[in-house]
$ cat upload_26.tsv   # TSV, C-alpha atoms and all ligand atoms
chain	number	residue	atom	x	y	z
Q	1224	MET	CA	-36.77	-144.58	0.02
Q	1225	SER	CA	-35.13	-143.36	3.23
Q	1226	PHE	CA	-33.95	-145.80	5.87
Q	1227	ALA	CA	-31.84	-145.51	9.02
Q	1228	ARG	CA	-28.81	-147.42	10.29
Q	1229	TYR	CA	-26.79	-147.11	13.50
Q	1230	ILE	CA	-23.01	-146.58	13.49
Q	1231	ALA	CA	-21.29	-147.04	16.87
Q	1232	ARG	CA	-18.63	-144.34	17.40
Q	1233	GLY	CA	-15.80	-146.86	17.30
Q	1234	GLU	CA	-17.12	-148.26	14.01
Q	1235	LEU	CA	-17.19	-144.99	12.06
Q	1236	ALA	CA	-13.87	-145.49	10.24
Q	1237	ARG	CA	-14.79	-149.05	9.25
Q	1238	ALA	CA	-18.26	-147.98	8.13
Q	1239	LEU	CA	-16.78	-145.19	6.00
Q	1240	ASP	CA	-14.33	-147.63	4.40
Q	1241	ASP	CA	-17.26	-149.86	3.44
Q	1242	MET	CA	-19.45	-147.03	2.21
Q	1243	ALA	CA	-16.62	-145.63	0.11
Q	1244	ARG	CA	-15.72	-148.91	-1.62
Q	1245	GLY	CA	-14.67	-148.01	-5.18
Q	1246	ARG	CA	-14.68	-144.28	-4.39
Q	1247	VAL	CA	-12.13	-141.66	-3.34
Q	1248	THR	CA	-13.21	-140.26	0.02
Q	1249	TYR	CA	-12.65	-136.58	0.76
Q	1250	ALA	CA	-12.73	-135.77	4.46
Q	1251	PRO	CA	-11.60	-132.90	6.70
Q	1252	ARG	CA	-7.91	-132.88	7.61
Q	1253	ARG	CA	-6.06	-130.36	9.77
Q	1254	GLU	CA	-3.25	-128.55	7.92
Q	1255	GLY	CA	-1.66	-125.84	10.07
Q	1256	ASP	CA	-4.47	-123.68	11.41
Q	1257	ALA	CA	-6.89	-124.70	8.67
Q	1258	VAL	CA	-9.14	-127.74	8.25
Q	1259	VAL	CA	-9.37	-128.67	4.57
Q	1260	PHE	CA	-10.84	-131.53	2.53
Q	1261	ARG	CA	-8.26	-134.08	1.43
Q	1262	PRO	CA	-8.39	-137.67	0.14
Q	1263	ARG	CA	-8.81	-139.98	3.14
Q	1264	ALA	CA	-6.75	-143.17	3.51
Q	1265	GLU	CA	-8.53	-146.44	4.28
Q	1266	GLY	CA	-8.88	-146.92	8.04
Q	1267	GLU	CA	-8.07	-143.25	8.78
Q	1268	GLU	CA	-10.07	-142.00	11.76
Q	1269	PRO	CA	-12.25	-139.22	10.35
Q	1270	LEU	CA	-11.92	-135.73	11.76
Q	1271	LEU	CA	-15.29	-134.34	12.79
Q	1272	ALA	CA	-14.16	-130.70	13.01
Q	1273	ARG	CA	-15.96	-128.18	10.84
Q	1274	ALA	CA	-13.77	-127.40	7.85
Q	1275	THR	CA	-12.35	-123.93	7.17
Q	1276	VAL	CA	-13.24	-124.31	3.49
Q	1277	PRO	CA	-16.32	-125.97	2.04
Q	1278	PRO	CA	-15.99	-129.17	-0.02
Q	1279	LYS	CA	-17.32	-127.54	-3.21
Q	1280	GLY	CA	-13.97	-128.05	-4.97
Q	1281	VAL	CA	-14.55	-131.82	-5.09
Q	1282	ILE	CA	-17.42	-131.30	-7.55
Q	1283	PHE	CA	-16.51	-127.87	-8.91
Q	1284	PRO	CA	-12.67	-127.87	-8.93
Q	1285	GLN	CA	-10.74	-124.64	-8.36
Q	1286	SER	CA	-9.32	-125.15	-11.83
Q	1287	GLU	CA	-10.21	-127.85	-14.33
Q	1288	ARG	CA	-9.28	-128.74	-17.88
Q	1289	LEU	CA	-12.29	-128.53	-20.18
Q	1290	PHE	CA	-10.35	-129.78	-23.20
Q	1291	ALA	CA	-6.93	-129.92	-24.79
Q	1292	PHE	CA	-6.37	-128.46	-28.25
Q	1293	ILE	CA	-3.81	-129.15	-30.95
Q	1294	ARG	CA	-3.44	-126.91	-34.00
Q	1295	GLU	CA	-2.05	-128.55	-37.13
Q	1296	LYS	CA	-0.87	-126.67	-40.19
Q	1297	ASP	CA	-1.65	-128.20	-43.55
Q	1298	PRO	CA	1.85	-128.92	-45.01
Q	1299	ASN	CA	0.50	-128.25	-48.51
Q	1300	ASP	CA	-1.25	-125.05	-47.50
Q	1301	PRO	CA	0.56	-123.41	-44.53
Q	1302	GLY	CA	-2.14	-120.73	-44.30
Q	1303	HIS	CA	-4.68	-123.38	-43.43
Q	1304	THR	CA	-4.77	-124.70	-39.83
Q	1305	THR	CA	-7.06	-127.32	-38.35
Q	1306	VAL	CA	-7.76	-127.67	-34.62
Q	1307	ARG	CA	-8.21	-131.03	-32.91
Q	1308	LEU	CA	-9.90	-131.15	-29.51
Q	1309	ASP	CA	-9.55	-133.76	-26.79
Q	1310	SER	CA	-12.42	-133.33	-24.35
Q	1311	THR	CA	-12.10	-136.59	-22.43
Q	1312	VAL	CA	-12.66	-135.98	-18.74
Q	1313	ASP	CA	-11.60	-138.37	-16.01
Q	1314	ILE	CA	-14.25	-138.43	-13.31
Q	1315	GLU	CA	-13.52	-140.56	-10.24
Q	1316	PRO	CA	-16.45	-141.80	-8.17
Q	1317	ALA	CA	-16.13	-139.93	-4.88
Q	1318	LEU	CA	-17.60	-139.65	-1.40
Q	1319	ILE	CA	-17.54	-136.41	0.56
Q	1320	PHE	CA	-17.60	-136.96	4.31
Q	1321	GLY	CA	-17.69	-134.23	6.90
Q	1322	GLY	CA	-19.15	-131.20	5.12
Q	1323	ARG	CA	-21.97	-129.65	7.14
Q	1324	PRO	CA	-25.62	-129.24	6.12
Q	1325	CYS	CA	-24.84	-125.69	4.92
Q	1326	ASP	CA	-22.12	-127.12	2.67
Q	1327	ALA	CA	-24.39	-129.81	1.24
Q	1328	ARG	CA	-27.12	-127.25	0.58
Q	1329	GLY	CA	-24.48	-125.36	-1.41
Q	1330	PHE	CA	-24.55	-128.18	-3.97
Q	1331	HIS	CA	-28.31	-127.69	-4.26
Q	1332	ILE	CA	-27.69	-124.01	-5.10
Q	1333	PHE	CA	-25.24	-125.16	-7.79
Q	1334	ASP	CA	-27.68	-127.83	-9.06
Q	1335	ARG	CA	-30.31	-125.24	-9.83
Q	1336	VAL	CA	-27.87	-123.46	-12.13
Q	1337	TYR	CA	-25.57	-126.16	-13.50
Q	1338	LEU	CA	-27.91	-129.19	-13.60
Q	1339	ASN	CA	-31.44	-127.88	-13.90
Q	1340	GLY	CA	-30.91	-124.54	-15.62
Q	1341	PRO	CA	-31.25	-123.94	-19.37
Q	1342	HIS	CA	-27.62	-125.02	-19.96
Q	1343	ARG	CA	-26.74	-128.26	-18.20
Q	1344	ASP	CA	-23.03	-128.24	-17.42
Q	1345	PRO	CA	-21.63	-131.66	-18.39
Q	1346	TYR	CA	-18.50	-131.37	-16.21
Q	1347	TYR	CA	-20.43	-130.45	-13.07
Q	1348	ALA	CA	-23.17	-132.99	-13.84
Q	1349	ALA	CA	-20.69	-135.87	-14.24
Q	1350	ARG	CA	-18.97	-135.13	-10.92
Q	1351	ARG	CA	-22.20	-134.47	-9.05
Q	1352	GLU	CA	-23.68	-137.76	-10.23
Q	1353	ALA	CA	-20.51	-139.67	-9.31
Q	1354	THR	CA	-20.31	-138.22	-5.79
Q	1355	VAL	CA	-22.06	-139.30	-2.60
Q	1356	VAL	CA	-22.43	-136.62	0.07
Q	1357	VAL	CA	-22.37	-137.90	3.67
Q	1358	THR	CA	-23.08	-135.06	6.08
Q	1359	PRO	CA	-22.88	-134.99	9.88
Q	1360	ALA	CA	-25.65	-132.84	11.36
Q	1361	CYS	CA	-24.43	-129.96	13.52
Q	1362	THR	CA	-24.87	-130.19	17.27
Q	1363	LYS	CA	-23.28	-126.84	18.13
Q	1364	ALA	CA	-23.53	-123.47	16.44
Q	1365	GLY	CA	-20.47	-121.30	15.82
Q	1366	SER	CA	-20.67	-117.60	16.68
Q	1367	THR	CA	-20.94	-116.70	13.00
Q	1368	CYS	CA	-23.50	-119.38	12.05
Q	1369	PHE	CA	-26.86	-118.07	10.85
Q	1370	CYS	CA	-28.17	-120.95	8.73
Q	1371	HIS	CA	-31.62	-120.60	10.32
Q	1372	TRP	CA	-31.98	-117.12	8.76
Q	1373	THR	CA	-31.69	-118.52	5.26
Q	1374	GLY	CA	-33.98	-121.55	5.10
Q	1375	CYS	CA	-31.10	-123.89	5.97
Q	1376	GLY	CA	-30.53	-125.43	9.42
Q	1377	PRO	CA	-28.27	-127.67	11.52
Q	1378	ALA	CA	-29.98	-130.84	10.27
Q	1379	ASP	CA	-30.99	-129.68	6.77
Q	1380	THR	CA	-30.94	-132.65	4.40
Q	1381	THR	CA	-30.91	-130.63	1.15
Q	1382	GLY	CA	-28.05	-131.67	-1.11
Q	1383	SER	CA	-26.95	-134.64	1.04
Q	1384	ASP	CA	-27.28	-138.35	0.28
Q	1385	ILE	CA	-26.84	-139.48	3.89
Q	1386	LEU	CA	-27.30	-137.49	7.11
Q	1387	LEU	CA	-25.45	-138.63	10.25
Q	1388	THR	CA	-26.72	-137.44	13.62
Q	1389	PRO	CA	-24.52	-137.98	16.69
Q	1390	VAL	CA	-26.47	-139.60	19.56
Q	1391	GLY	CA	-25.62	-140.95	23.02
Q	1392	THR	CA	-22.57	-140.33	25.20
Q	1393	GLY	CA	-19.35	-142.11	26.10
Q	1394	ALA	CA	-19.16	-145.80	25.26
Q	1395	ASP	CA	-22.80	-145.72	24.10
Q	1396	SER	CA	-22.30	-142.92	21.56
Q	1397	GLY	CA	-22.70	-143.26	17.84
Q	1398	PHE	CA	-24.53	-141.92	14.81
Q	1399	VAL	CA	-27.96	-142.42	13.34
Q	1400	ALA	CA	-27.34	-142.56	9.58
Q	1401	VAL	CA	-30.35	-141.79	7.40
Q	1402	ALA	CA	-30.15	-142.45	3.67
Q	1403	LEU	CA	-31.94	-139.71	1.74
Q	1404	THR	CA	-31.43	-140.65	-1.91
Q	1405	GLU	CA	-31.05	-143.80	-4.00
Q	1406	ARG	CA	-27.29	-143.14	-4.09
Q	1407	GLY	CA	-27.28	-142.83	-0.31
Q	1408	CYS	CA	-29.27	-146.06	0.13
Q	1409	ALA	CA	-26.90	-148.02	-2.10
Q	1410	VAL	CA	-23.83	-146.75	-0.27
Q	1411	LEU	CA	-25.24	-147.21	3.23
Q	1412	GLU	CA	-26.32	-150.76	2.42
Q	1413	GLN	CA	-22.68	-151.61	1.58
Q	1414	ALA	CA	-21.69	-150.97	5.21
Q	1415	ASN	CA	-23.58	-153.88	6.78
Q	1416	LEU	CA	-24.81	-151.87	9.77
Q	1417	PRO	CA	-27.60	-152.59	12.27
Q	1418	GLU	CA	-30.91	-150.75	11.89
Q	1419	ALA	CA	-31.31	-147.65	14.04
Q	1420	ASP	CA	-34.02	-148.49	16.58
Q	1421	THR	CA	-36.86	-146.11	17.38
Q	1422	ALA	CA	-35.20	-144.87	20.58
Q	1423	ARG	CA	-32.07	-143.86	18.70
Q	1424	SER	CA	-34.05	-142.23	15.88
Q	1425	ASP	CA	-36.03	-140.27	18.49
Q	1426	ALA	CA	-32.74	-139.25	20.14
Q	1427	ALA	CA	-31.53	-137.94	16.77
Q	1428	GLN	CA	-34.68	-135.81	16.40
Q	1429	ALA	CA	-34.11	-134.45	19.92
Q	1430	VAL	CA	-30.53	-133.48	18.97
Q	1431	HIS	CA	-31.86	-131.60	15.91
Q	1432	ALA	CA	-34.47	-129.75	17.99
Q	1433	ALA	CA	-31.95	-128.81	20.70
Q	1434	THR	CA	-29.41	-127.48	18.20
Q	1435	ARG	CA	-32.06	-125.45	16.43
Q	1436	ALA	CA	-33.22	-123.97	19.76
Q	1437	ALA	CA	-29.62	-123.09	20.70
Q	1438	LEU	CA	-29.17	-121.31	17.36
Q	1439	ASP	CA	-32.39	-119.36	17.84
Q	1440	ALA	CA	-31.29	-118.34	21.32
Q	1441	GLN	CA	-27.87	-117.25	20.08
Q	1442	SER	CA	-29.09	-115.23	17.11
Q	1443	PRO	CA	-32.86	-114.95	16.64
Q	1444	ALA	CA	-33.71	-115.05	12.95
Q	1445	PRO	CA	-34.97	-111.71	11.66
Q	1446	ASP	CA	-37.91	-111.60	9.28
Q	1447	LEU	CA	-36.25	-111.48	5.85
Q	1448	SER	CA	-39.41	-111.93	3.79
Q	1449	ALA	CA	-39.15	-108.34	2.51
Q	1450	THR	CA	-35.40	-108.56	1.83
Q	1451	PRO	CA	-35.49	-109.32	-1.93
Q	1452	ALA	CA	-37.69	-106.29	-2.62
Q	1453	ARG	CA	-35.84	-104.03	-0.15
Q	1454	LEU	CA	-32.50	-104.87	-1.73
Q	1455	LEU	CA	-33.88	-103.79	-5.10
Q	1456	GLU	CA	-35.10	-100.53	-3.51
Q	1457	ARG	CA	-31.58	-100.09	-2.09
Q	1458	PHE	CA	-30.02	-100.56	-5.52
Q	1459	PRO	CA	-29.67	-96.84	-6.32
Q	1460	ASP	CA	-28.57	-95.95	-2.77
Q	1461	THR	CA	-24.85	-95.93	-3.53
Q	1462	GLY	CA	-24.16	-94.08	-0.26
Q	1463	PHE	CA	-25.45	-97.10	1.67
Q	1464	TRP	CA	-23.27	-99.49	-0.32
Q	1465	ARG	CA	-20.26	-97.20	0.03
Q	1466	ASP	CA	-20.73	-97.28	3.83
Q	1467	MET	CA	-20.97	-101.07	3.78
Q	1468	SER	CA	-17.92	-101.55	1.56
Q	1469	ASP	CA	-15.54	-98.86	2.84
Q	1470	LYS	CA	-13.20	-101.31	4.54
Q	1471	CYS	CA	-13.43	-104.07	1.87
Q	1472	LEU	CA	-10.06	-104.93	0.29
Q	1473	SER	CA	-11.59	-106.60	-2.79
Q	1474	CYS	CA	-9.51	-109.69	-1.97
Q	1475	GLY	CA	-12.28	-112.15	-2.94
Q	1476	ALA	CA	-11.73	-114.48	0.04
Q	1477	CYS	CA	-15.46	-114.32	0.83
Q	1478	THR	CA	-16.35	-115.79	-2.55
Q	1479	TYR	CA	-13.71	-118.51	-2.60
Q	1480	LEU	CA	-14.76	-119.68	0.89
Q	1481	CYS	CA	-18.45	-119.62	0.01
Q	1482	PRO	CA	-20.20	-122.95	-0.63
Q	1483	THR	CA	-22.70	-121.26	-2.96
Q	1484	CYS	CA	-20.48	-119.00	-5.11
Q	1485	TYR	CA	-20.24	-120.57	-8.55
Q	1486	CYS	CA	-18.66	-117.97	-10.88
Q	1487	PHE	CA	-15.76	-118.94	-13.11
Q	1488	ASN	CA	-13.36	-117.62	-15.72
Q	1489	ILE	CA	-12.14	-119.37	-18.87
Q	1490	THR	CA	-8.53	-119.13	-20.00
Q	1491	ASP	CA	-6.48	-120.83	-22.70
Q	1492	GLU	CA	-3.04	-121.95	-21.55
Q	1493	ASN	CA	-0.42	-122.69	-24.20
Q	1494	ASP	CA	1.87	-125.66	-23.73
Q	1495	GLY	CA	5.22	-125.15	-25.36
Q	1496	GLY	CA	5.00	-121.47	-26.22
Q	1497	ASP	CA	4.31	-121.80	-29.96
Q	1498	GLY	CA	0.55	-121.57	-29.54
Q	1499	MET	CA	0.04	-124.87	-31.37
Q	1500	ARG	CA	-1.11	-126.92	-28.39
Q	1501	GLY	CA	-2.61	-126.15	-25.06
Q	1502	ARG	CA	-5.56	-126.47	-22.71
Q	1503	ARG	CA	-8.72	-124.58	-22.04
Q	1504	LEU	CA	-9.18	-124.17	-18.28
Q	1505	ARG	CA	-12.11	-123.18	-16.16
Q	1506	SER	CA	-11.07	-121.60	-12.85
Q	1507	TRP	CA	-12.99	-120.04	-9.97
Q	1508	ASP	CA	-13.48	-116.32	-10.34
Q	1509	ASN	CA	-14.97	-113.78	-7.99
Q	1510	CYS	CA	-17.34	-110.86	-8.38
Q	1511	MET	CA	-15.46	-108.82	-5.75
Q	1512	SER	CA	-12.55	-108.36	-8.15
Q	1513	SER	CA	-12.54	-105.20	-10.28
Q	1514	LEU	CA	-11.50	-107.30	-13.31
Q	1515	PHE	CA	-14.57	-109.52	-13.05
Q	1516	THR	CA	-16.84	-107.27	-15.12
Q	1517	ARG	CA	-14.27	-105.42	-17.20
Q	1518	GLU	CA	-15.40	-105.51	-20.80
Q	1519	ALA	CA	-13.20	-105.87	-23.89
Q	1520	SER	CA	-13.57	-102.13	-24.56
Q	1521	GLY	CA	-12.07	-101.37	-21.13
Q	1522	HIS	CA	-15.42	-100.16	-19.79
Q	1523	ASN	CA	-16.30	-101.61	-16.40
Q	1524	PRO	CA	-19.93	-101.36	-15.22
Q	1525	ARG	CA	-18.88	-102.26	-11.63
Q	1526	MET	CA	-15.84	-100.07	-11.26
Q	1527	GLY	CA	-16.21	-99.37	-7.52
Q	1528	LYS	CA	-16.18	-101.89	-4.70
Q	1529	ALA	CA	-19.52	-100.52	-3.45
Q	1530	LEU	CA	-21.13	-101.70	-6.68
Q	1531	ARG	CA	-19.42	-105.06	-6.44
Q	1532	LEU	CA	-20.52	-105.68	-2.85
Q	1533	ARG	CA	-24.04	-104.59	-3.78
Q	1534	ASN	CA	-24.02	-107.23	-6.49
Q	1535	ARG	CA	-22.76	-109.96	-4.16
Q	1536	VAL	CA	-25.38	-109.35	-1.49
Q	1537	GLY	CA	-28.10	-108.60	-4.04
Q	1538	HIS	CA	-27.42	-111.80	-5.94
Q	1539	LYS	CA	-27.62	-113.99	-2.86
Q	1540	PHE	CA	-30.65	-112.41	-1.22
Q	1541	SER	CA	-32.62	-110.91	-4.12
Q	1542	TYR	CA	-31.78	-111.88	-7.71
Q	1543	TYR	CA	-31.19	-115.61	-7.12
Q	1544	PRO	CA	-34.34	-116.06	-4.98
Q	1545	GLN	CA	-36.38	-114.27	-7.63
Q	1546	LEU	CA	-35.17	-116.74	-10.27
Q	1547	HIS	CA	-35.33	-119.83	-8.02
Q	1548	GLU	CA	-38.67	-119.98	-6.21
Q	1549	GLY	CA	-37.55	-117.87	-3.28
Q	1550	VAL	CA	-34.48	-119.99	-2.46
Q	1551	VAL	CA	-31.76	-117.78	-0.95
Q	1552	SER	CA	-28.29	-118.50	-2.32
Q	1553	CYS	CA	-26.64	-118.04	1.07
Q	1554	ASN	CA	-26.72	-120.87	3.59
Q	1555	GLY	CA	-25.59	-118.85	6.58
Q	1556	CYS	CA	-22.37	-120.85	7.02
Q	1557	GLY	CA	-20.58	-117.70	8.20
Q	1558	ARG	CA	-17.32	-118.50	6.38
Q	1559	CYS	CA	-17.30	-115.15	4.58
Q	1560	ILE	CA	-17.48	-113.49	8.01
Q	1561	THR	CA	-14.73	-115.53	9.68
Q	1562	GLY	CA	-12.55	-115.46	6.54
Q	1563	CYS	CA	-12.80	-111.73	5.79
Q	1564	PRO	CA	-9.54	-110.00	6.80
Q	1565	VAL	CA	-11.40	-106.78	7.68
Q	1566	SER	CA	-14.55	-108.30	9.27
Q	1567	VAL	CA	-17.16	-107.37	6.68
Q	1568	ASP	CA	-20.32	-109.05	8.00
Q	1569	ILE	CA	-23.01	-110.08	5.51
Q	1570	ARG	CA	-25.57	-110.38	8.33
Q	1571	GLU	CA	-25.24	-106.68	9.12
Q	1572	MET	CA	-25.65	-105.71	5.46
Q	1573	VAL	CA	-28.74	-107.86	4.99
Q	1574	VAL	CA	-30.42	-106.63	8.16
Q	1575	ARG	CA	-29.61	-102.97	7.47
Q	1576	ALA	CA	-30.69	-103.21	3.84
Q	1577	THR	CA	-33.96	-104.83	4.92
Q	1578	GLU	CA	-34.83	-102.09	7.40
Q	1579	ALA	CA	-37.25	-99.59	5.89
Q	1580	ASN	CA	-35.32	-96.47	4.97
Q	1581	GLU	CA	-37.22	-93.26	4.32
Q	1582	GLU	CA	-34.15	-91.74	2.69
Q	1583	THR	CA	-33.66	-94.43	0.07
Q	1584	PRO	CA	-33.89	-92.67	-3.28
Q	1585	ASN	CA	-36.45	-94.08	-5.70
Q	1586	ALA	CA	-34.29	-93.83	-8.76
Q	1601	LIG	S1	-13.29	-111.15	2.16
Q	1601	LIG	FE1	-13.83	-109.12	3.03
Q	1601	LIG	S2	-12.22	-107.74	2.24
Q	1601	LIG	FE2	-12.14	-109.60	0.95
Q	1601	LIG	S3	-13.50	-109.11	-0.80
Q	1601	LIG	FE3	-14.78	-110.18	0.74
Q	1601	LIG	S4	-15.72	-108.50	1.94
Q	1601	LIG	FE4	-13.96	-107.59	0.83
Q	1602	LIG	S1	-22.50	-115.73	1.65
Q	1602	LIG	FE1	-21.20	-116.12	3.46
Q	1602	LIG	S2	-22.56	-117.00	4.98
Q	1602	LIG	FE2	-23.62	-117.13	3.00
Q	1602	LIG	S3	-23.12	-119.20	2.24
Q	1602	LIG	FE3	-21.60	-117.78	1.37
Q	1602	LIG	S4	-19.87	-117.83	2.81
Q	1602	LIG	FE4	-21.64	-118.74	3.86

$ encode --input "upload_26.tsv" --output "C-alpha cells" --more "lines below"
Ligand code: SF4
Ligand code: SF4
Amino acid sequence: MSFARYIARGELARALDDMARGRVTYAPRREGDAVVFRPRAEGEEPLLARATVPPKGVIFPQSERLFAFIREKDPNDPGHTTVRLDSTVDIEPALIFGGRPCDARGFHIFDRVYLNGPHRDPYYAARREATVVVTPACTKAGSTCFCHWTGCGPADTTGSDILLTPVGTGADSGFVAVALTERGCAVLEQANLPEADTARSDAAQAVHAATRAALDAQSPAPDLSATPARLLERFPDTGFWRDMSDKCLSCGACTYLCPTCYCFNITDENDGGDGMRGRRLRSWDNCMSSLFTREASGHNPRMGKALRLRNRVGHKFSYYPQLHEGVVSCNGCGRCITGCPVSVDIREMVVRATEANEETPNA
C-alpha cells in the first residue's frame, strides 16, 4: 500500500494545500513563546518547529459537547418531565501537519482504548477516521527527548498516515513523503507530486539512522524490560514515591501536555439557569489533581500527591503495557519534563524505580 513521493522544499505549501483539499489543516503556529496547533490558511508557509503542545486536541478536544438536553414539563401533569436529547456532532474532515512521530504515536495509544477497547468511543472514532496525520520525521533530538527508551523513535510511523523525511540541502532540499495508510495514499495522490527516486529514499533512510544514532549518543536507552514488574514491586514503597513527588505542585500541566494522557471528566452545564436546557460536556481531566479520584462519599483513595504520581508513572510504564501487549503509554516526547514548573523528570523516576532495591517492602 505504501508509496513515496518527493516534495521540493519550495513546493511544501502548495503540496499541503492540495493534500488538504476539503479538509481543515491544523499546523504549528508561534503564539508568544509557545508553538501551538491552529487552523492553517491556504498558501501559508508551514512552520516546521516542534510544537509546545501536542495536536491531540484536534481529535480529542479539550472540551466537547456530547449532547444538548431539553427538559419539557407536561402541561397537564406538571410533575411529569420528559427529556429530549440532541446528539448531533459536527465533525470536519481535518489534516494535522507538523506533529512529530511521538505525537502521532499518541493517537495509537488512544486508539487502543477509544477505538479498539471494549467500548468504542463514537466521538473519538468519528474524528480519528476523518483526520489525516502528516508527520515530519525528526532530524534533531531535544535535550529532553527519550523516544528511543519507549519503543518510539524519530522516524516512527505508528499513528501517522504520511511520514515526511527532510533530505538534501540548500536549493536541492525537500522531503520524501511516504504514504502509510489508505487515507494517506488518497491524500498524497491529490498533490500531483513526482515519485521519490531510489537515491532520495536511501537518503531518507540515512537521515533516520543518523538521528537515531545521535539520540543514542545523547541519552543511551536503559534496559526497561523489568520496569512493569519493578513498578508493581515499588507500589507499597510510599517513601520512594514521597521522595519523587515532594516538589510536585499538583498543577496537572504534565498531563495536559502529554500526547498519551486520555482521561476526562463529564459535566452538565445549564443554559439559562432554570435547569430546563443545557449541554453535557466532556473535558480533559488529570490524575495529578486531588479531585480526580474523590468519591461521592468524600473518601479519596489517592489523597496524597505521592499516590497520584505513583499512579501516573505506573499507568504509563506498568498497567497500560500489561493490558496492551507490552506497549508503553509514554512516547518519550519530554513535554512533561520541559512543561513542569518544578522540573519533575519522569526519566529519573522510571530509572530509579527500575533499579533493584533491597529495601523495597514486599507488602
Ligand atoms: S507538571 Fe510537575 S508540578 Fe505539575 S503536576 Fe506534573 S509533576 Fe507535578
Ligand atoms: S509522559 Fe511525558 S514524556 Fe511521556 S509521552 Fe507523556 S508528556 Fe511525553

$ residues_near_ligand --input "upload_26.tsv" --ligand "ligand LIG 1602 (chain Q)" --cutoff "6 Å" --atoms "all atoms listed in the file" --output "JSON list (two decimals) with C-alpha atoms, in the coordinates of the input"
[["chain", "number", "residue", "atom", "x", "y", "z"],
["Q", 1477, "CYS", "CA", -15.46, -114.32, 0.83],
["Q", 1480, "LEU", "CA", -14.76, -119.68, 0.89],
["Q", 1481, "CYS", "CA", -18.45, -119.62, 0.01],
["Q", 1482, "PRO", "CA", -20.20, -122.95, -0.63],
["Q", 1483, "THR", "CA", -22.70, -121.26, -2.96],
["Q", 1553, "CYS", "CA", -26.64, -118.04, 1.07],
["Q", 1554, "ASN", "CA", -26.72, -120.87, 3.59],
["Q", 1555, "GLY", "CA", -25.59, -118.85, 6.58],
["Q", 1556, "CYS", "CA", -22.37, -120.85, 7.02],
["Q", 1557, "GLY", "CA", -20.58, -117.70, 8.20],
["Q", 1558, "ARG", "CA", -17.32, -118.50, 6.38],
["Q", 1559, "CYS", "CA", -17.30, -115.15, 4.58]]

$ axis_aligned_box --input "upload_26.tsv" --around "ligand LIG 1601 (chain Q)" --padding-each-side "6 Å" --output "JSON"
{"center_x": -13.9, "center_y": -109.4, "center_z": 1.1, "size_x": 15.6, "size_y": 15.6, "size_z": 15.8}

$ residues_around --input "upload_26.tsv" --residues "Q:Arg1228" --least-positions-apart "2" --cutoff "9 Å" --atoms "all atoms listed in the file" --output "PyMOL selection string"
chain Q and resi 1226+1230+1398-1402+1411-1412+1416-1420

$ write_last_selection --input "upload_26.tsv" --atoms "C-alpha atoms" --output "tab-separated table (two decimals), in the coordinates of the input"
chain	number	residue	atom	x	y	z
Q	1226	PHE	CA	-33.95	-145.80	5.87
Q	1230	ILE	CA	-23.01	-146.58	13.49
Q	1398	PHE	CA	-24.53	-141.92	14.81
Q	1399	VAL	CA	-27.96	-142.42	13.34
Q	1400	ALA	CA	-27.34	-142.56	9.58
Q	1401	VAL	CA	-30.35	-141.79	7.40
Q	1402	ALA	CA	-30.15	-142.45	3.67
Q	1411	LEU	CA	-25.24	-147.21	3.23
Q	1412	GLU	CA	-26.32	-150.76	2.42
Q	1416	LEU	CA	-24.81	-151.87	9.77
Q	1417	PRO	CA	-27.60	-152.59	12.27
Q	1418	GLU	CA	-30.91	-150.75	11.89
Q	1419	ALA	CA	-31.31	-147.65	14.04
Q	1420	ASP	CA	-34.02	-148.49	16.58

$ residues_near_ligand --input "upload_26.tsv" --ligand "ligand LIG 1601 (chain Q)" --cutoff "10 Å" --atoms "only C-alpha atoms and all ligand atoms" --output "number ranges by chain"
Q: 1467-1480, 1509-1512, 1528-1529, 1531-1532, 1535, 1558-1569

$ residues_around --input "upload_26.tsv" --residues "Q:Tyr1542" --least-positions-apart "5" --cutoff "10 Å" --atoms "all atoms listed in the file" --output "PyMOL selection string"
chain Q and resi 1451-1452+1454-1455+1534-1537+1547+1549+1551-1552

$ atom_distance --input "upload_26.tsv" --atom1 "atom CA of Q:Ala1257" --atom2 "atom CA of Q:Pro1277"
11.6 Å

$ closest_residue --input "upload_26.tsv" --among "Q:Thr1380, Q:Thr1373, Q:Ser1424, Q:Thr1490" --to "Q:Ala1444" --atoms "only C-alpha atoms"
Q:Thr1373

$ closest_residue --input "upload_26.tsv" --among "Q:Leu1270, Q:Ala1348, Q:Leu1318, Q:Asp1439" --to "Q:Gly1245" --atoms "all atoms listed in the file"
Q:Leu1318

$ closest_residue --input "upload_26.tsv" --among "Q:Pro1359, Q:Gly1302, Q:Pro1284, Q:Gly1393" --to "Q:Pro1251" --atoms "all atoms listed in the file"
Q:Pro1359

$ residues_around --input "upload_26.tsv" --residues "stretch 1493-1507 of chain Q" --least-positions-apart "5" --cutoff "8 Å" --atoms "all atoms listed in the file" --output "number ranges by chain"
Q: 1284-1295, 1479, 1485-1488

$ closest_atom_pairs --input "upload_26.tsv" --of "stretch 1328-1408 of chain Q" --to "stretch 1426-1432 of chain Q" --cutoff "12 Å" --atoms "only C-alpha atoms" --output "CSV"
residue,atom,partner,partner_atom,distance
Q:Pro1359,CA,Q:His1431,CA,11.3
Q:Ala1360,CA,Q:His1431,CA,7.8
Q:Cys1361,CA,Q:His1431,CA,8.0
Q:Thr1362,CA,Q:Val1430,CA,6.8
Q:Lys1363,CA,Q:Val1430,CA,9.9
Q:Ala1364,CA,Q:His1431,CA,11.7
Q:Gly1376,CA,Q:His1431,CA,9.1
Q:Pro1377,CA,Q:His1431,CA,6.9
Q:Ala1378,CA,Q:His1431,CA,6.0
Q:Asp1379,CA,Q:His1431,CA,9.4
Q:Thr1380,CA,Q:His1431,CA,11.6
Q:Leu1386,CA,Q:Ala1427,CA,10.6
Q:Leu1387,CA,Q:Ala1427,CA,8.9
Q:Thr1388,CA,Q:Ala1427,CA,5.8
Q:Pro1389,CA,Q:Ala1427,CA,7.0
Q:Val1390,CA,Q:Ala1427,CA,6.0
Q:Gly1391,CA,Q:Ala1426,CA,7.9
Q:Thr1392,CA,Q:Ala1426,CA,11.4
Q:Ser1396,CA,Q:Ala1426,CA,11.2
Q:Gly1397,CA,Q:Ala1427,CA,10.4
Q:Phe1398,CA,Q:Ala1427,CA,8.3
Q:Val1399,CA,Q:Ala1427,CA,6.7
Q:Ala1400,CA,Q:Ala1427,CA,9.5
Q:Val1401,CA,Q:Ala1427,CA,10.2
